[in-house]
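S.K.: A single structure is presented below for examination.
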Amino acid sequence: MAEAFPPLDLERLPRAHIAREIAKRFTFLRRLATVALNRILAPLGATAPMYNVLLRLSTEGQLSQQELALDAGLDAAGVSRLVAKLSDMKLVAIKVDAQDRRRRLVRLTAKGEAFEQALEPVVDAAMRHAVVGRDENEEYELLRILDKTVRSMVEVLDVVRRDRRRARSRRPSPLLSPEADTDEPT
């Protein structure tokens, strides 16, 4: 897999291609991290998406299944299945949101907290290999750049969501359009 990205000649890389190269590397890095975590966690009865959900619940408390989807790297149906599995394992508890009965809220149980804490040193050791050969300053710099990138992407997603909501609110429903009142075929 390592051959997927031969070293770049940064001096010759056109600025217009930098964003594409960064995106390719993020995609590849996520895939590598998921494969590595799955291999390390499998003997312990866990997967990378499972660990990501447990970690997020451990740090942020109760969240909706929709909020967990991004961390798990799954679609809504996949997260629903994963949360159901975690619930069957007694690692999470699920309840219906009192304000919106369509939403399911998920929180860690005591067993889930203990399981996440048991997995933490295993995952930390595995991820430590990702920064081997870098000094402490480089590690902090990498973390600073990644954190800045994450914040930028969250802002982009917020703008996209807001624009989609605005577009939907301006779009008339096809059922309410004047054409819907005619009996003539279209």
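Identifiers in this document derive from the order of the structure tokens: chains are assigned A, B, ..., residues are numbered from 1 separately in each chain, and ligands are numbered from 1 in order of occurrence.
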Residues near range 109-117 of chain A, anyone? I mean within 12 Å using only C-alpha atoms, not counting same-chain ones fewer than 4 positions away, as a ChimeraX atom specification.

M.R.: /A:41,44-48,50-59,61-62,83,86-94,121-124

S.K.: Got a sec to tell me which of range 9-113 of chain A DSSP assigns to alpha helix (DSSP H), as a PDB file with C-alpha atoms, in the first residue's frame?

M.R.:
ATOM      1  CA  ARG A  15      -0.405  25.203  -6.210  1.00  0.00           C
ATOM      2  CA  ALA A  16      -3.713  24.231  -7.836  1.00  0.00           C
ATOM      3  CA  HIS A  17      -2.917  20.544  -7.131  1.00  0.00           C
ATOM      4  CA  ILE A  18      -2.000  20.893  -3.452  1.00  0.00           C
ATOM      5  CA  ALA A  19      -5.566  20.584  -2.108  1.00  0.00           C
ATOM      6  CA  ARG A  20      -6.135  17.459  -4.206  1.00  0.00           C
ATOM      7  CA  GLU A  21      -2.890  15.879  -2.944  1.00  0.00           C
ATOM      8  CA  ILE A  22      -3.825  16.681   0.666  1.00  0.00           C
ATOM      9  CA  ALA A  23      -7.292  15.168   0.202  1.00  0.00           C
ATOM     10  CA  LYS A  24      -5.808  12.010  -1.331  1.00  0.00           C
ATOM     11  CA  ARG A  25      -3.477  11.620   1.623  1.00  0.00           C
ATOM     12  CA  PHE A  26      -6.228  12.156   4.201  1.00  0.00           C
ATOM     13  CA  THR A  27      -8.333   9.500   2.502  1.00  0.00           C
ATOM     14  CA  PHE A  28      -5.405   7.104   2.360  1.00  0.00           C
ATOM     15  CA  LEU A  29      -4.412   7.840   5.968  1.00  0.00           C
ATOM     16  CA  ARG A  30      -7.931   7.173   7.227  1.00  0.00           C
ATOM     17  CA  ARG A  31      -8.012   3.877   5.344  1.00  0.00           C
ATOM     18  CA  LEU A  32      -4.604   2.861   6.736  1.00  0.00           C
ATOM     19  CA  ALA A  33      -5.569   3.825  10.285  1.00  0.00           C
ATOM     20  CA  THR A  34      -8.866   1.926  10.029  1.00  0.00           C
ATOM     21  CA  VAL A  35      -7.162  -1.217   8.704  1.00  0.00           C
ATOM     22  CA  ALA A  36      -4.469  -1.039  11.401  1.00  0.00           C
ATOM     23  CA  LEU A  37      -6.990  -0.439  14.180  1.00  0.00           C
ATOM     24  CA  ASN A  38      -9.255  -3.240  12.971  1.00  0.00           C
ATOM     25  CA  ARG A  39      -6.326  -5.674  13.036  1.00  0.00           C
ATOM     26  CA  ILE A  40      -5.240  -4.583  16.508  1.00  0.00           C
ATOM     27  CA  LEU A  41      -8.744  -4.441  17.994  1.00  0.00           C
ATOM     28  CA  ALA A  48     -12.199   0.840  14.534  1.00  0.00           C
ATOM     29  CA  PRO A  49     -15.730   2.267  14.051  1.00  0.00           C
ATOM     30  CA  MET A  50     -16.756   0.774  17.406  1.00  0.00           C
ATOM     31  CA  TYR A  51     -13.759   2.313  19.153  1.00  0.00           C
ATOM     32  CA  ASN A  52     -14.345   5.710  17.496  1.00  0.00           C
ATOM     33  CA  VAL A  53     -17.946   5.760  18.755  1.00  0.00           C
ATOM     34  CA  LEU A  54     -16.947   4.674  22.265  1.00  0.00           C
ATOM     35  CA  LEU A  55     -14.196   7.291  22.386  1.00  0.00           C
ATOM     36  CA  ARG A  56     -16.498  10.098  21.256  1.00  0.00           C
ATOM     37  CA  LEU A  57     -19.145   9.114  23.818  1.00  0.00           C
ATOM     38  CA  SER A  58     -16.436   8.912  26.472  1.00  0.00           C
ATOM     39  CA  THR A  59     -15.238  12.448  25.766  1.00  0.00           C
ATOM     40  CA  GLU A  60     -18.539  14.164  24.929  1.00  0.00           C
ATOM     41  CA  GLN A  65     -26.791   8.553  16.329  1.00  0.00           C
ATOM     42  CA  GLN A  66     -26.487  11.181  13.598  1.00  0.00           C
ATOM     43  CA  GLU A  67     -23.711  12.942  15.521  1.00  0.00           C
ATOM     44  CA  LEU A  68     -21.874   9.615  15.823  1.00  0.00           C
ATOM     45  CA  ALA A  69     -22.051   8.835  12.093  1.00  0.00           C
ATOM     46  CA  LEU A  70     -19.037  10.926  11.142  1.00  0.00           C
ATOM     47  CA  ASP A  71     -16.830   9.338  13.809  1.00  0.00           C
ATOM     48  CA  ALA A  72     -17.805   5.838  12.858  1.00  0.00           C
ATOM     49  CA  ALA A  76     -26.998   6.328   9.026  1.00  0.00           C
ATOM     50  CA  ALA A  77     -28.013   2.684   8.594  1.00  0.00           C
ATOM     51  CA  GLY A  78     -24.512   1.463   9.442  1.00  0.00           C
ATOM     52  CA  VAL A  79     -24.403   3.587  12.592  1.00  0.00           C
ATOM     53  CA  SER A  80     -27.831   2.320  13.572  1.00  0.00           C
ATOM     54  CA  ARG A  81     -26.593  -1.283  13.266  1.00  0.00           C
ATOM     55  CA  LEU A  82     -23.371  -0.479  15.142  1.00  0.00           C
ATOM     56  CA  VAL A  83     -25.240   1.243  17.978  1.00  0.00           C
ATOM     57  CA  ALA A  84     -27.657  -1.711  18.167  1.00  0.00           C
ATOM     58  CA  LYS A  85     -24.675  -4.080  18.426  1.00  0.00           C
ATOM     59  CA  LEU A  86     -23.073  -1.928  21.132  1.00  0.00           C
ATOM     60  CA  SER A  87     -26.395  -1.919  22.958  1.00  0.00           C
ATOM     61  CA  ASP A  88     -26.645  -5.722  22.703  1.00  0.00           C
ATOM     62  CA  ALA A 110     -20.385   1.698  32.981  1.00  0.00           C
ATOM     63  CA  LYS A 111     -19.385  -1.436  31.039  1.00  0.00           C
ATOM     64  CA  GLY A 112     -18.849   0.713  27.912  1.00  0.00           C
ATOM     65  CA  GLU A 113     -16.658   3.171  29.829  1.00  0.00           C
TER      66      GLU A 113
END

S.K.: Taking only C-alpha atoms into account, name the residue in A:Arg164, A:Ser64, A:Ala42, A:Asp147 that is nearest to Arg102 in chain A.

M.R.: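 For Arg102 in chain A, the nearest of the candidates is A:Ser64.
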
S.K.: What is the distance, in Å and to one decimal place, between CA of Gly73 in chain A and CA of Val154 in chain A?

M.R.: 15.2 Å

S.K.: If you measure from CA of Leu105 in chain A to CA of Asp75 in chain A, what distance in Å do you get, rounded to one decimal?

M.R.: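 Between CA of Leu105 in chain A and CA of Asp75 in chain A the gap is 16.5 Å.
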
S.K.: When you count only C-alpha atoms, which of these residues is closest to Asp97 in chain A: A:Leu142, A:Leu63, A:Leu157, A:Ala118?

M.R.: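 Going through A:Leu142, A:Leu63, A:Leu157, A:Ala118 one by one, the smallest distance to Asp97 in chain A is for A:Leu63.
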
S.K.: Could you tell me how far CA of Ala126 in chain A lies from CA of Leu74 in chain A, in Å and to one decimal?

M.R.: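 That distance, rounded to one decimal, is 22.2 Å.
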
S.K.: Would you please give, as a list in words, all residues of range 82-156 of chain A that DSSP assigns to strand (DSSP E or B) based on the backbone?

M.R.: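 Output for range 82-156 of chain A, strand (DSSP E or B) only: Val92, Ala93, Ile94, Lys95, Val96, Arg104, Leu105, Val106, Arg107 and Leu108 of chain A.
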